[in-house]
Every structure is written in structure tokens, then in C-alpha cells.
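Raw entry-v6.txt, compact mmCIF, N, CA and C atoms and all ligand atoms:
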```
# COMPACT_ATOMS: atom_id res chain seq x y z
N MET X 1 -26.61 22.74 -34.84
CA MET X 1 -25.48 21.88 -34.45
C MET X 1 -25.58 20.54 -35.18
N SER X 2 -24.46 20.14 -35.75
CA SER X 2 -24.50 18.88 -36.49
C SER X 2 -24.56 17.71 -35.52
N THR X 3 -25.03 16.61 -36.00
CA THR X 3 -25.12 15.42 -35.15
C THR X 3 -23.75 15.04 -34.63
N LYS X 4 -22.74 15.24 -35.51
CA LYS X 4 -21.40 14.82 -35.11
C LYS X 4 -20.87 15.66 -33.95
N SER X 5 -21.03 17.01 -34.04
CA SER X 5 -20.48 17.83 -32.96
C SER X 5 -21.28 17.64 -31.68
N PHE X 6 -22.57 17.38 -31.83
CA PHE X 6 -23.36 17.09 -30.63
C PHE X 6 -22.84 15.82 -29.95
N PHE X 7 -22.59 14.84 -30.76
CA PHE X 7 -22.07 13.57 -30.22
C PHE X 7 -20.73 13.79 -29.51
N CYS X 8 -19.88 14.60 -30.13
CA CYS X 8 -18.57 14.88 -29.53
C CYS X 8 -18.72 15.56 -28.18
N LYS X 9 -19.66 16.50 -28.10
CA LYS X 9 -19.86 17.21 -26.82
C LYS X 9 -20.33 16.25 -25.74
N VAL X 10 -21.27 15.41 -26.10
CA VAL X 10 -21.78 14.44 -25.12
C VAL X 10 -20.64 13.55 -24.64
N LEU X 11 -19.81 13.14 -25.58
CA LEU X 11 -18.68 12.26 -25.24
C LEU X 11 -17.72 12.97 -24.30
N LEU X 12 -17.46 14.25 -24.59
CA LEU X 12 -16.53 15.04 -23.78
C LEU X 12 -17.06 15.18 -22.35
N ILE X 13 -18.34 15.54 -22.24
CA ILE X 13 -18.94 15.72 -20.91
C ILE X 13 -18.90 14.40 -20.15
N PHE X 14 -19.22 13.34 -20.83
CA PHE X 14 -19.24 12.03 -20.17
C PHE X 14 -17.85 11.65 -19.66
N SER X 15 -16.83 11.86 -20.51
CA SER X 15 -15.49 11.45 -20.07
C SER X 15 -14.98 12.34 -18.94
N SER X 16 -15.38 13.63 -18.94
CA SER X 16 -14.97 14.51 -17.83
C SER X 16 -15.59 14.00 -16.53
N LEU X 17 -16.84 13.60 -16.62
CA LEU X 17 -17.52 13.10 -15.42
C LEU X 17 -16.82 11.86 -14.88
N VAL X 18 -16.48 10.96 -15.77
CA VAL X 18 -15.80 9.73 -15.35
C VAL X 18 -14.47 10.08 -14.69
N ALA X 19 -13.74 11.03 -15.30
CA ALA X 19 -12.44 11.43 -14.74
C ALA X 19 -12.63 12.04 -13.36
N LEU X 20 -13.66 12.90 -13.22
CA LEU X 20 -13.92 13.54 -11.92
C LEU X 20 -14.22 12.51 -10.84
N ILE X 21 -15.07 11.57 -11.17
CA ILE X 21 -15.44 10.55 -10.20
C ILE X 21 -14.21 9.75 -9.81
N TYR X 22 -13.39 9.45 -10.80
CA TYR X 22 -12.19 8.65 -10.54
C TYR X 22 -11.24 9.42 -9.62
N LEU X 23 -10.99 10.71 -9.95
CA LEU X 23 -10.06 11.51 -9.14
C LEU X 23 -10.59 11.67 -7.72
N ASP X 24 -11.89 11.87 -7.61
CA ASP X 24 -12.50 12.02 -6.30
C ASP X 24 -12.23 10.77 -5.46
N GLY X 25 -12.35 9.63 -6.09
CA GLY X 25 -12.11 8.36 -5.39
C GLY X 25 -10.68 8.28 -4.88
N CYS X 26 -9.71 8.71 -5.69
CA CYS X 26 -8.30 8.68 -5.29
C CYS X 26 -8.08 9.57 -4.09
N GLY X 27 -8.62 10.78 -4.15
CA GLY X 27 -8.44 11.73 -3.06
C GLY X 27 -8.98 11.16 -1.77
N TYR X 28 -10.09 10.51 -1.87
CA TYR X 28 -10.69 9.94 -0.66
C TYR X 28 -9.78 8.89 -0.05
N ALA X 29 -9.23 8.04 -0.92
CA ALA X 29 -8.37 6.97 -0.41
C ALA X 29 -7.17 7.54 0.33
N LEU X 30 -6.55 8.59 -0.23
CA LEU X 30 -5.38 9.17 0.42
C LEU X 30 -5.76 9.84 1.73
N ASP X 31 -6.85 10.62 1.72
CA ASP X 31 -7.30 11.26 2.96
C ASP X 31 -7.55 10.22 4.03
N ALA X 32 -8.09 9.10 3.59
CA ALA X 32 -8.46 8.08 4.55
C ALA X 32 -7.23 7.45 5.20
N ILE X 33 -6.14 7.40 4.45
CA ILE X 33 -4.95 6.72 4.97
C ILE X 33 -4.13 7.64 5.87
N HIS X 34 -3.90 8.87 5.42
CA HIS X 34 -2.92 9.68 6.11
C HIS X 34 -3.26 10.09 7.54
N PRO X 35 -4.53 10.41 7.84
CA PRO X 35 -4.80 10.77 9.24
C PRO X 35 -4.40 9.66 10.20
N THR X 36 -4.64 8.44 9.83
CA THR X 36 -4.31 7.32 10.71
C THR X 36 -2.80 7.20 10.88
N THR X 37 -2.07 7.27 9.77
CA THR X 37 -0.63 7.07 9.87
C THR X 37 -0.01 8.22 10.65
N LEU X 38 -0.49 9.44 10.41
CA LEU X 38 0.11 10.58 11.10
C LEU X 38 -0.17 10.52 12.59
N SER X 39 -1.38 10.14 12.96
CA SER X 39 -1.72 10.17 14.38
C SER X 39 -0.99 9.07 15.13
N ASN X 40 -0.40 8.14 14.39
CA ASN X 40 0.35 7.08 15.04
C ASN X 40 1.85 7.27 14.85
N ASP X 41 2.24 8.47 14.49
CA ASP X 41 3.62 8.72 14.11
C ASP X 41 4.41 9.36 15.25
N GLY X 42 3.94 9.21 16.47
CA GLY X 42 4.65 9.79 17.58
C GLY X 42 4.52 11.31 17.62
N GLY X 43 3.69 11.86 16.75
CA GLY X 43 3.49 13.30 16.71
C GLY X 43 2.48 13.72 17.77
N SER X 44 1.63 14.66 17.42
CA SER X 44 0.68 15.13 18.41
C SER X 44 -0.34 14.04 18.71
N SER X 45 -0.39 13.66 19.96
CA SER X 45 -1.28 12.55 20.31
C SER X 45 -2.72 13.03 20.43
N SER X 46 -2.91 14.37 20.44
CA SER X 46 -4.28 14.87 20.52
C SER X 46 -4.99 14.74 19.17
N GLN X 47 -4.19 14.56 18.12
CA GLN X 47 -4.79 14.43 16.80
C GLN X 47 -5.47 13.06 16.68
N SER X 48 -6.76 13.09 16.56
CA SER X 48 -7.45 11.81 16.53
C SER X 48 -7.61 11.32 15.10
N SER X 49 -7.65 10.04 14.94
CA SER X 49 -7.77 9.45 13.63
C SER X 49 -9.17 9.69 13.08
N THR X 50 -9.24 10.08 11.81
CA THR X 50 -10.56 10.29 11.21
C THR X 50 -11.00 9.06 10.44
N VAL X 51 -10.14 8.07 10.39
CA VAL X 51 -10.51 6.89 9.63
C VAL X 51 -10.63 5.70 10.58
N PRO X 52 -11.75 4.98 10.47
CA PRO X 52 -11.84 3.79 11.31
C PRO X 52 -10.70 2.86 10.94
N ALA X 53 -10.03 2.33 11.95
CA ALA X 53 -8.87 1.49 11.69
C ALA X 53 -9.23 0.31 10.80
N ASN X 54 -10.49 -0.08 10.80
CA ASN X 54 -10.85 -1.26 10.01
C ASN X 54 -10.95 -0.99 8.51
N GLN X 55 -10.53 0.22 8.09
CA GLN X 55 -10.51 0.47 6.64
C GLN X 55 -9.17 0.07 6.02
N ILE X 56 -8.20 -0.31 6.84
CA ILE X 56 -6.90 -0.69 6.30
C ILE X 56 -6.94 -2.17 5.95
N ASP X 57 -7.02 -2.44 4.67
CA ASP X 57 -7.07 -3.83 4.23
C ASP X 57 -5.84 -4.15 3.36
N TYR X 58 -5.80 -5.34 2.84
CA TYR X 58 -4.66 -5.77 2.04
C TYR X 58 -4.44 -4.85 0.83
N ALA X 59 -5.52 -4.42 0.19
CA ALA X 59 -5.37 -3.59 -1.01
C ALA X 59 -4.62 -2.29 -0.68
N VAL X 60 -4.92 -1.71 0.48
CA VAL X 60 -4.24 -0.48 0.91
C VAL X 60 -2.76 -0.76 1.15
N ILE X 61 -2.48 -1.84 1.87
CA ILE X 61 -1.11 -2.19 2.21
C ILE X 61 -0.29 -2.55 0.96
N ARG X 62 -0.92 -3.26 0.05
CA ARG X 62 -0.23 -3.62 -1.19
C ARG X 62 0.15 -2.35 -1.95
N THR X 63 -0.79 -1.41 -2.06
CA THR X 63 -0.55 -0.18 -2.81
C THR X 63 0.48 0.72 -2.14
N GLU X 64 0.41 0.81 -0.81
CA GLU X 64 1.27 1.75 -0.09
C GLU X 64 2.65 1.17 0.24
N ILE X 65 2.73 -0.12 0.47
CA ILE X 65 3.98 -0.71 0.97
C ILE X 65 4.62 -1.69 -0.01
N PHE X 66 3.92 -2.78 -0.30
CA PHE X 66 4.57 -3.86 -1.03
C PHE X 66 4.84 -3.54 -2.49
N ALA X 67 3.88 -2.94 -3.19
CA ALA X 67 4.13 -2.65 -4.60
C ALA X 67 5.29 -1.67 -4.77
N PRO X 68 5.28 -0.53 -4.08
CA PRO X 68 6.39 0.42 -4.31
C PRO X 68 7.73 -0.02 -3.72
N HIS X 69 7.74 -0.78 -2.64
CA HIS X 69 9.01 -1.06 -1.95
C HIS X 69 9.55 -2.48 -2.12
N CYS X 70 8.70 -3.42 -2.50
CA CYS X 70 9.15 -4.82 -2.49
C CYS X 70 9.04 -5.53 -3.84
N TYR X 71 8.09 -5.10 -4.67
CA TYR X 71 7.87 -5.83 -5.93
C TYR X 71 9.09 -5.81 -6.83
N GLU X 72 9.93 -4.78 -6.70
CA GLU X 72 11.13 -4.70 -7.54
C GLU X 72 11.90 -6.02 -7.48
N CYS X 73 11.93 -6.66 -6.31
CA CYS X 73 12.69 -7.90 -6.16
C CYS X 73 11.79 -9.10 -5.84
N HIS X 74 10.75 -8.89 -5.05
CA HIS X 74 9.92 -10.02 -4.63
C HIS X 74 8.66 -10.17 -5.47
N SER X 75 8.84 -10.22 -6.78
CA SER X 75 7.73 -10.45 -7.70
C SER X 75 8.24 -11.40 -8.77
N LEU X 76 7.33 -11.94 -9.52
CA LEU X 76 7.73 -12.82 -10.62
C LEU X 76 8.64 -12.04 -11.57
N ALA X 77 8.20 -10.82 -11.91
CA ALA X 77 8.99 -9.99 -12.82
C ALA X 77 10.34 -9.61 -12.22
N GLY X 78 10.38 -9.48 -10.90
CA GLY X 78 11.62 -9.08 -10.22
C GLY X 78 12.49 -10.26 -9.84
N GLY X 79 12.09 -11.47 -10.21
CA GLY X 79 12.92 -12.65 -9.99
C GLY X 79 12.72 -13.34 -8.65
N ASN X 80 11.68 -12.96 -7.89
CA ASN X 80 11.39 -13.58 -6.59
C ASN X 80 12.66 -13.74 -5.74
N ALA X 81 13.29 -12.63 -5.43
CA ALA X 81 14.56 -12.63 -4.68
C ALA X 81 14.47 -13.47 -3.42
N GLY X 82 15.50 -14.25 -3.18
CA GLY X 82 15.55 -15.10 -1.99
C GLY X 82 14.46 -16.17 -2.00
N GLY X 83 13.87 -16.41 -3.17
CA GLY X 83 12.78 -17.39 -3.27
C GLY X 83 11.49 -16.87 -2.65
N ILE X 84 11.41 -15.56 -2.45
CA ILE X 84 10.23 -14.98 -1.80
C ILE X 84 9.43 -14.14 -2.78
N ASN X 85 8.16 -14.47 -2.91
CA ASN X 85 7.24 -13.68 -3.74
C ASN X 85 6.22 -13.02 -2.81
N LEU X 86 6.08 -11.71 -2.96
CA LEU X 86 5.16 -10.98 -2.07
C LEU X 86 4.01 -10.36 -2.84
N GLU X 87 3.63 -11.01 -3.94
CA GLU X 87 2.57 -10.43 -4.77
C GLU X 87 1.17 -10.92 -4.41
N THR X 88 1.06 -11.85 -3.48
CA THR X 88 -0.29 -12.29 -3.12
C THR X 88 -0.49 -12.17 -1.61
N TYR X 89 -1.74 -12.09 -1.24
CA TYR X 89 -2.08 -11.98 0.18
C TYR X 89 -1.54 -13.18 0.95
N LEU X 90 -1.74 -14.38 0.42
CA LEU X 90 -1.30 -15.58 1.14
C LEU X 90 0.21 -15.62 1.31
N ASN X 91 0.95 -15.20 0.28
CA ASN X 91 2.40 -15.18 0.40
C ASN X 91 2.86 -14.20 1.47
N ILE X 92 2.19 -13.08 1.54
CA ILE X 92 2.55 -12.09 2.57
C ILE X 92 2.23 -12.65 3.95
N LYS X 93 1.03 -13.25 4.07
CA LYS X 93 0.64 -13.81 5.37
C LYS X 93 1.65 -14.86 5.85
N SER X 94 2.11 -15.69 4.93
CA SER X 94 3.00 -16.76 5.40
C SER X 94 4.42 -16.27 5.68
N ASN X 95 4.75 -15.05 5.24
CA ASN X 95 6.08 -14.49 5.54
C ASN X 95 6.00 -13.36 6.56
N LEU X 96 4.85 -13.22 7.21
CA LEU X 96 4.61 -12.05 8.02
C LEU X 96 5.63 -11.85 9.15
N SER X 97 6.02 -12.93 9.83
CA SER X 97 6.93 -12.71 10.96
C SER X 97 8.32 -12.29 10.46
N ASP X 98 8.79 -12.87 9.36
CA ASP X 98 10.06 -12.43 8.78
C ASP X 98 9.97 -10.97 8.31
N ILE X 99 8.83 -10.63 7.71
CA ILE X 99 8.64 -9.26 7.22
C ILE X 99 8.74 -8.28 8.38
N GLN X 100 8.11 -8.63 9.51
CA GLN X 100 8.15 -7.74 10.67
C GLN X 100 9.57 -7.55 11.18
N ILE X 101 10.33 -8.64 11.23
CA ILE X 101 11.72 -8.57 11.69
C ILE X 101 12.54 -7.69 10.75
N ASP X 102 12.36 -7.92 9.44
CA ASP X 102 13.15 -7.17 8.45
C ASP X 102 12.80 -5.68 8.43
N MET X 103 11.54 -5.36 8.74
CA MET X 103 11.14 -3.96 8.79
C MET X 103 11.74 -3.31 10.03
N ALA X 104 11.76 -4.07 11.13
CA ALA X 104 12.24 -3.50 12.39
C ALA X 104 13.72 -3.16 12.33
N ASP X 105 14.52 -4.01 11.68
CA ASP X 105 15.96 -3.71 11.63
C ASP X 105 16.39 -3.10 10.29
N ASP X 106 15.41 -2.71 9.48
CA ASP X 106 15.67 -2.06 8.18
C ASP X 106 16.52 -2.91 7.24
N SER X 107 16.52 -4.23 7.42
CA SER X 107 17.29 -5.06 6.49
C SER X 107 16.56 -5.20 5.15
N MET X 108 15.27 -4.93 5.13
CA MET X 108 14.51 -4.85 3.89
C MET X 108 13.82 -3.50 3.87
N PRO X 109 13.63 -2.89 2.72
CA PRO X 109 14.09 -3.30 1.40
C PRO X 109 15.61 -3.30 1.30
N LYS X 110 16.14 -4.39 0.82
CA LYS X 110 17.59 -4.56 0.73
C LYS X 110 18.22 -3.50 -0.18
N ASP X 111 19.28 -2.88 0.31
CA ASP X 111 20.02 -1.87 -0.46
C ASP X 111 19.16 -0.71 -0.96
N ARG X 112 18.06 -0.48 -0.26
CA ARG X 112 17.18 0.63 -0.64
C ARG X 112 16.89 1.41 0.63
N PRO X 113 16.41 2.66 0.48
CA PRO X 113 16.07 3.42 1.69
C PRO X 113 15.00 2.68 2.50
N PRO X 114 15.09 2.72 3.82
CA PRO X 114 14.08 2.04 4.64
C PRO X 114 12.70 2.69 4.49
N LEU X 115 11.68 1.98 4.94
CA LEU X 115 10.35 2.57 4.94
C LEU X 115 10.33 3.78 5.87
N SER X 116 9.49 4.75 5.56
CA SER X 116 9.32 5.90 6.46
C SER X 116 8.60 5.42 7.71
N SER X 117 8.66 6.22 8.77
CA SER X 117 7.98 5.77 9.99
C SER X 117 6.47 5.72 9.78
N ALA X 118 5.94 6.60 8.93
CA ALA X 118 4.49 6.55 8.64
C ALA X 118 4.14 5.23 7.95
N GLU X 119 5.00 4.80 7.03
CA GLU X 119 4.75 3.53 6.34
C GLU X 119 4.87 2.35 7.31
N LYS X 120 5.88 2.41 8.17
CA LYS X 120 6.04 1.33 9.16
C LYS X 120 4.83 1.27 10.09
N ASN X 121 4.33 2.44 10.48
CA ASN X 121 3.18 2.46 11.38
C ASN X 121 1.93 1.91 10.71
N LEU X 122 1.76 2.25 9.44
CA LEU X 122 0.61 1.75 8.71
C LEU X 122 0.65 0.22 8.65
N LEU X 123 1.83 -0.31 8.34
CA LEU X 123 2.00 -1.76 8.27
C LEU X 123 1.75 -2.40 9.63
N ALA X 124 2.31 -1.78 10.68
CA ALA X 124 2.16 -2.33 12.03
C ALA X 124 0.69 -2.32 12.47
N LEU X 125 -0.01 -1.26 12.09
CA LEU X 125 -1.43 -1.15 12.46
C LEU X 125 -2.23 -2.26 11.78
N TRP X 126 -1.93 -2.47 10.51
CA TRP X 126 -2.62 -3.52 9.76
C TRP X 126 -2.35 -4.89 10.40
N ILE X 127 -1.09 -5.15 10.74
CA ILE X 127 -0.74 -6.44 11.35
C ILE X 127 -1.40 -6.59 12.72
N SER X 128 -1.45 -5.49 13.47
CA SER X 128 -2.07 -5.56 14.80
C SER X 128 -3.56 -5.87 14.71
N GLN X 129 -4.14 -5.61 13.56
CA GLN X 129 -5.57 -5.91 13.38
C GLN X 129 -5.78 -7.29 12.78
N GLY X 130 -4.71 -8.07 12.73
CA GLY X 130 -4.83 -9.41 12.21
C GLY X 130 -4.55 -9.49 10.71
N ALA X 131 -3.97 -8.41 10.15
CA ALA X 131 -3.62 -8.37 8.73
C ALA X 131 -4.77 -8.85 7.85
N PRO X 132 -5.93 -8.18 7.90
CA PRO X 132 -7.10 -8.64 7.14
C PRO X 132 -6.94 -8.46 5.63
N GLU X 133 -7.47 -9.42 4.88
CA GLU X 133 -7.46 -9.27 3.42
C GLU X 133 -8.54 -8.27 3.01
N PHE X 134 -9.71 -8.43 3.59
CA PHE X 134 -10.82 -7.51 3.30
C PHE X 134 -11.38 -6.97 4.60
N VAL X 135 -11.94 -5.78 4.54
CA VAL X 135 -12.62 -5.26 5.72
C VAL X 135 -14.03 -4.83 5.32
N ILE X 136 -14.92 -4.86 6.26
CA ILE X 136 -16.28 -4.38 6.00
C ILE X 136 -16.35 -2.94 6.50
N PRO X 137 -16.49 -1.99 5.58
CA PRO X 137 -16.46 -0.58 5.97
C PRO X 137 -17.61 -0.25 6.94
C1 LIG X 201 16.55 -4.65 -4.19
C2 LIG X 201 15.98 -5.95 -3.94
C3 LIG X 201 15.06 -6.16 -2.75
C4 LIG X 201 14.03 -5.35 -2.33
C5 LIG X 201 13.56 -4.01 -2.89
C6 LIG X 201 13.42 -6.06 -1.21
N1 LIG X 201 14.07 -7.23 -0.98
FE1 LIG X 201 13.60 -8.66 0.41
N2 LIG X 201 15.14 -9.82 -0.21
C7 LIG X 201 16.02 -9.52 -1.23
C8 LIG X 201 17.01 -10.59 -1.36
C9 LIG X 201 18.13 -10.63 -2.38
C10 LIG X 201 16.69 -11.55 -0.37
C11 LIG X 201 17.43 -12.85 -0.06
C12 LIG X 201 18.16 -12.79 1.23
C13 LIG X 201 19.23 -11.74 1.24
O1 LIG X 201 19.99 -11.64 0.24
O2 LIG X 201 19.28 -10.96 2.21
C14 LIG X 201 15.51 -11.04 0.33
C15 LIG X 201 14.89 -11.70 1.37
C16 LIG X 201 13.72 -11.29 1.99
C17 LIG X 201 13.03 -12.04 3.01
C18 LIG X 201 13.37 -13.42 3.55
C19 LIG X 201 14.69 -13.47 4.24
C20 LIG X 201 14.78 -12.51 5.39
O3 LIG X 201 15.76 -11.77 5.46
O4 LIG X 201 13.89 -12.50 6.23
C21 LIG X 201 11.93 -11.29 3.37
C22 LIG X 201 10.87 -11.64 4.40
C23 LIG X 201 11.98 -10.07 2.59
N3 LIG X 201 13.07 -10.09 1.73
C24 LIG X 201 11.04 -9.04 2.68
C25 LIG X 201 11.09 -7.87 1.92
C26 LIG X 201 10.10 -6.82 2.05
C27 LIG X 201 8.92 -6.84 2.99
C28 LIG X 201 10.46 -5.85 1.16
C29 LIG X 201 9.79 -4.53 0.92
C30 LIG X 201 9.50 -3.71 2.06
C31 LIG X 201 11.68 -6.30 0.49
N4 LIG X 201 12.02 -7.53 0.98
C32 LIG X 201 12.34 -5.58 -0.51
C33 LIG X 201 15.97 -8.40 -2.03
C34 LIG X 201 15.08 -7.34 -1.91
```
Could you show the structure in this file as C-alpha cells?
Ligand code: HEC
Amino acid sequence: MSTKSFFCKVLLIFSSLVALIYLDGCGYALDAIHPTTLSNDGGSSSQSSTVPANQIDYAVIRTEIFAPHCYECHSLAGGNAGGINLETYLNIKSNLSDIQIDMADDSMPKDRPPLSSAEKNLLALWISQGAPEFVIP
């Protein structure tokens, strides 16, 4: 085997490993989120949450709620609609009561489909825990 093809094989194995670890991490994050949201979705109440509630932090909420549903308008790139930017933890914290009102009456996201009940529950759970920026697993 030439040095070059050996090097290529090592590189290939290494990058596959990195990809596997990365994908595994993603799967874990999704598994961790959905049991909680489903068990709070008015469905079967016997279904117990497999994730400690204290795993829901700002990073989860940003990824699941604010980035996909709000950044289109409430970001620097989106023009900070209504003078509101929701790209930082502090900005979200200081608009939290308005955000709760707008979620409850579906007035936000404006002119877009409302959040699903699972998404609303996830947000409500986070807020009920004091809307933490970080959590200690
Ligand atoms: C398509 C654009 C758009 C999207 C998406 C959007 N907003 Fe807005 N938002 C606006 C505009 C425009 C205003 C200014 C007031 C108005 O026109 O109703 C506003 C105002 C607000 C306000 C302050 C005024 C109020 O009504 O309380 C809050 C809080 C808010 N949005 C939260 C959110 C949240 C949270 C999301 C995501 C779940 C979101 N918005 C998604 C366009 C949008």
C-alpha cells in the first residue's frame, strides 16, 4: 500500500468517526426534547418524561422556537421588526411577558402559522423554570 492511499484511508476513517459522533449528538438532543414536549401535550398523562426538565436551556429554545419562527423578522438580518430583536438571551428575557401574550393569542409569528402545541408547551415549560440561560445537567 502506498503512503498516499494509506493516508487517504486514515483520513476517511477519521472523518466517518467525526460524522458518527456528530450525528449521535443530534439524535440525543432530539430524543431529549420530544418526550418532555409530548408528555405535556395533553396526550396520555401516564407517559412520563424521560428528560429532566432542567435540560431545557436557552440554546434548546433558541434552536426549536426563536430561530425557526422569529428570526425571519426579529433579527438584525430580518430588520428587527417592531424594533424588537430576539437574537440574544437578554433581549428575549426583557420581552418575555409580551412574548407570552403573543404566543397565547397567536398574534406572533405575525402572518405565519402559529406555533404547534408541542412548541408552545416547550416554551411554557422553559418559562415556568425561570427561563434559564444555562442549566447544569
Ligand atoms: C413575518 C414577520 C414576523 C415574524 C415571523 C414574527 N414577528 Fe413579531 N413582530 C412583527 C412585527 C411587524 C411587529 C411589530 C408590531 C406589529 O406589526 O404587530 C412584531 C412585534 C412583536 C412583539 C412586540 C409587540 C407585541 O405585539 O407584543 C413581540 C414581543 C414579538 N413580535 C414576538 C415575536 C415572536 C416571539 C415571534 C416568533 C415566535 C415573532 N414575533 C415572529 C413581525 C414578525
Counting only C-alpha atoms and all ligand atoms, which residues in chain X sit no more than 9 Å from ligand LIG 201 (chain X)? For each one, give the nearest pair of atoms and the distance in Å, sorted by chain then residue number, as JSON lines.
```
{"residue": "X:Ile65", "atom": "CA", "partner": "X:LIG201", "partner_atom": "C30", "distance": 6.4}
{"residue": "X:Phe66", "atom": "CA", "partner": "X:LIG201", "partner_atom": "C29", "distance": 5.6}
{"residue": "X:Ala67", "atom": "CA", "partner": "X:LIG201", "partner_atom": "C29", "distance": 8.1}
{"residue": "X:Pro68", "atom": "CA", "partner": "X:LIG201", "partner_atom": "C29", "distance": 8.0}
{"residue": "X:His69", "atom": "CA", "partner": "X:LIG201", "partner_atom": "C29", "distance": 4.6}
{"residue": "X:Cys70", "atom": "CA", "partner": "X:LIG201", "partner_atom": "C29", "distance": 3.5}
{"residue": "X:Tyr71", "atom": "CA", "partner": "X:LIG201", "partner_atom": "C5", "distance": 6.7}
{"residue": "X:Glu72", "atom": "CA", "partner": "X:LIG201", "partner_atom": "C5", "distance": 5.3}
{"residue": "X:Cys73", "atom": "CA", "partner": "X:LIG201", "partner_atom": "C2", "distance": 4.4}
{"residue": "X:His74", "atom": "CA", "partner": "X:LIG201", "partner_atom": "N1", "distance": 6.2}
{"residue": "X:Gly78", "atom": "CA", "partner": "X:LIG201", "partner_atom": "C2", "distance": 8.3}
{"residue": "X:Asn80", "atom": "CA", "partner": "X:LIG201", "partner_atom": "C7", "distance": 8.2}
{"residue": "X:Ala81", "atom": "CA", "partner": "X:LIG201", "partner_atom": "C8", "distance": 4.6}
{"residue": "X:Gly82", "atom": "CA", "partner": "X:LIG201", "partner_atom": "C11", "distance": 3.5}
{"residue": "X:Gly83", "atom": "CA", "partner": "X:LIG201", "partner_atom": "C11", "distance": 7.2}
{"residue": "X:Ile84", "atom": "CA", "partner": "X:LIG201", "partner_atom": "C17", "distance": 6.3}
{"residue": "X:Asn85", "atom": "CA", "partner": "X:LIG201", "partner_atom": "C23", "distance": 8.7}
{"residue": "X:Leu86", "atom": "CA", "partner": "X:LIG201", "partner_atom": "C27", "distance": 7.5}
{"residue": "X:Ile92", "atom": "CA", "partner": "X:LIG201", "partner_atom": "C27", "distance": 8.3}
{"residue": "X:Asn95", "atom": "CA", "partner": "X:LIG201", "partner_atom": "C22", "distance": 5.7}
{"residue": "X:Leu96", "atom": "CA", "partner": "X:LIG201", "partner_atom": "C22", "distance": 7.2}
{"residue": "X:Ser97", "atom": "CA", "partner": "X:LIG201", "partner_atom": "C22", "distance": 7.7}
{"residue": "X:Asp98", "atom": "CA", "partner": "X:LIG201", "partner_atom": "C22", "distance": 4.5}
{"residue": "X:Ile99", "atom": "CA", "partner": "X:LIG201", "partner_atom": "C22", "distance": 4.3}
{"residue": "X:Gln100", "atom": "CA", "partner": "X:LIG201", "partner_atom": "C27", "distance": 7.8}
{"residue": "X:Ile101", "atom": "CA", "partner": "X:LIG201", "partner_atom": "O4", "distance": 7.1}
{"residue": "X:Asp102", "atom": "CA", "partner": "X:LIG201", "partner_atom": "O4", "distance": 5.8}
{"residue": "X:Met103", "atom": "CA", "partner": "X:LIG201", "partner_atom": "C27", "distance": 6.8}
{"residue": "X:Asp106", "atom": "CA", "partner": "X:LIG201", "partner_atom": "C30", "distance": 8.8}
{"residue": "X:Ser107", "atom": "CA", "partner": "X:LIG201", "partner_atom": "O3", "distance": 7.0}
{"residue": "X:Met108", "atom": "CA", "partner": "X:LIG201", "partner_atom": "C31", "distance": 4.7}
{"residue": "X:Pro109", "atom": "CA", "partner": "X:LIG201", "partner_atom": "C32", "distance": 3.5}
{"residue": "X:Lys110", "atom": "CA", "partner": "X:LIG201", "partner_atom": "C34", "distance": 4.6}
{"residue": "X:Asp111", "atom": "CA", "partner": "X:LIG201", "partner_atom": "C1", "distance": 5.8}
{"residue": "X:Arg112", "atom": "CA", "partner": "X:LIG201", "partner_atom": "C5", "distance": 6.3}
{"residue": "X:Pro114", "atom": "CA", "partner": "X:LIG201", "partner_atom": "C30", "distance": 7.8}
{"residue": "X:Leu115", "atom": "CA", "partner": "X:LIG201", "partner_atom": "C30", "distance": 7.0}
```
Figure out the distance between atom CA of X:Asp57 and atom CA of X:Asp105, please, to one decimal in Å.
-> 24.2 Å
Stretch 126-128 of chain X: which residues within 12 Å, counting only C-alpha atoms, same-chain residues fewer than 2 positions away excluded, as a PyMOL selection string?
-> chain X and resi 33+36-37+52-62+64-65+92-93+96-97+99-100+119-124+130-135
Rounded to one decimal place, report the atom CA of X:Pro137-atom CA of X:Asn91 distance in Å.
->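 Computed distance, atom CA of X:Pro137 to atom CA of X:Asn91, equals 24.5 Å.
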To one decimal place, how far is atom N of X:Leu125 from atom CA of X:Leu76 in Å?
-> 26.6 Å
